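For reference, the structure discussed in these notes is given below.
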Amino acid sequence: MTINTTPKEKPAGDCNPTAGTINDLDFPTGQRPRKAFETLRAAFAIQGHALHRTDPTDGPVAYWVERWGMVRNLSTLDDALEFLKQIGGRA
């Protein structure tokens with residue numbers, strides 16, 4: 001007896017989370033922009049601060065840190081790292 005089944009298909013486009021580029025594996029681990037940001041974000045969270053950034057696909061990225069309603073604008077991830085050191089954190 002043969003059972004005919006149709007092959008399962010994955011949705012395409014926006015419905016498929018694996019469609020398109022979802023990571024930055026074109027960079028070595030230490031140089032992945034997204035990983036660097038997320039690492040700093042976690043380090044700031046440990047210190048009680050929230051690190052944010054604008055969407056990189058919208059153009060130049062702006063960073064800022066906030067805590068208790070106070071905001072500090074930062075130009076680069078290096079500036080964010082320096083500020084993290086100032087508040088007693090480490091990445």
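As shown in the structure tokens, the chain order sets the letters A, B, ...; within each chain, residues go from 1, and ligands are also counted from 1 in the order they appear.
If you count only C-alpha atoms and ignore residues fewer than 3 places along the chain from Ile46 of chain A, what sits within 12 Å of it is Thr39, Leu40, Arg41, Ala42, Ala43, His49, Ala50, Leu51, Leu84, Ile87, Gly88, Gly89, Arg90 and Ala91 of chain A.
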Written file, previous selection with C-alpha atoms, as a PDB file, in the first residue's frame:
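Result file is out_19.pdb:
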ATOM      1  CA  THR A  39      26.705  42.799  24.128  1.00  0.00           C
ATOM      2  CA  LEU A  40      26.853  46.445  25.176  1.00  0.00           C
ATOM      3  CA  ARG A  41      23.093  46.526  25.646  1.00  0.00           C
ATOM      4  CA  ALA A  42      23.337  43.615  28.091  1.00  0.00           C
ATOM      5  CA  ALA A  43      26.243  45.241  29.951  1.00  0.00           C
ATOM      6  CA  HIS A  49      20.699  51.520  32.112  1.00  0.00           C
ATOM      7  CA  ALA A  50      18.976  50.965  28.764  1.00  0.00           C
ATOM      8  CA  LEU A  51      20.998  51.276  25.553  1.00  0.00           C
ATOM      9  CA  LEU A  84      29.802  52.086  30.307  1.00  0.00           C
ATOM     10  CA  ILE A  87      29.393  54.007  35.261  1.00  0.00           C
ATOM     11  CA  GLY A  88      31.335  51.005  36.522  1.00  0.00           C
ATOM     12  CA  GLY A  89      30.373  48.471  33.886  1.00  0.00           C
ATOM     13  CA  ARG A  90      32.444  46.282  31.642  1.00  0.00           C
ATOM     14  CA  ALA A  91      31.717  44.591  28.348  1.00  0.00           C
TER      15      ALA A  91
END
Please measure the separation of atom CA of Pro56 of chain A and atom CA of Gly69 of chain A, giving the value in Å to one decimal.
24.3 Å
Go ahead and compute the interatomic distance for atom CA of Arg72 of chain A and atom CA of His52 of chain A, in Å to one decimal.
10.4 Å
Neighbour list for Gly48 of chain A as a PyMOL selection string, cut-off 8 Å, only C-alpha atoms, skip fewer than 3 positions in-chain:
chain A and resi 44-45+67
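With atom CA of Gly59 of chain A on one side and atom CA of Gln86 of chain A on the other, the separation reads 28.4 Å.
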Using only C-alpha atoms, which protein or nucleic acid residues come within 10 Å of Asp79 of chain A? Drop anything in the same chain fewer than 6 positions from it, and give the result as a ChimeraX atom specification.
/A:63,73,85
Keeping C-alpha atoms, export the residues of the selection given above as a PDB file, in the first residue's frame.
ATOM      1  CA  TYR A  63      22.872  55.681  20.086  1.00  0.00           C
ATOM      2  CA  ASN A  73      23.326  60.751  23.435  1.00  0.00           C
ATOM      3  CA  LYS A  85      33.264  52.145  31.901  1.00  0.00           C
TER       4      LYS A  85
END
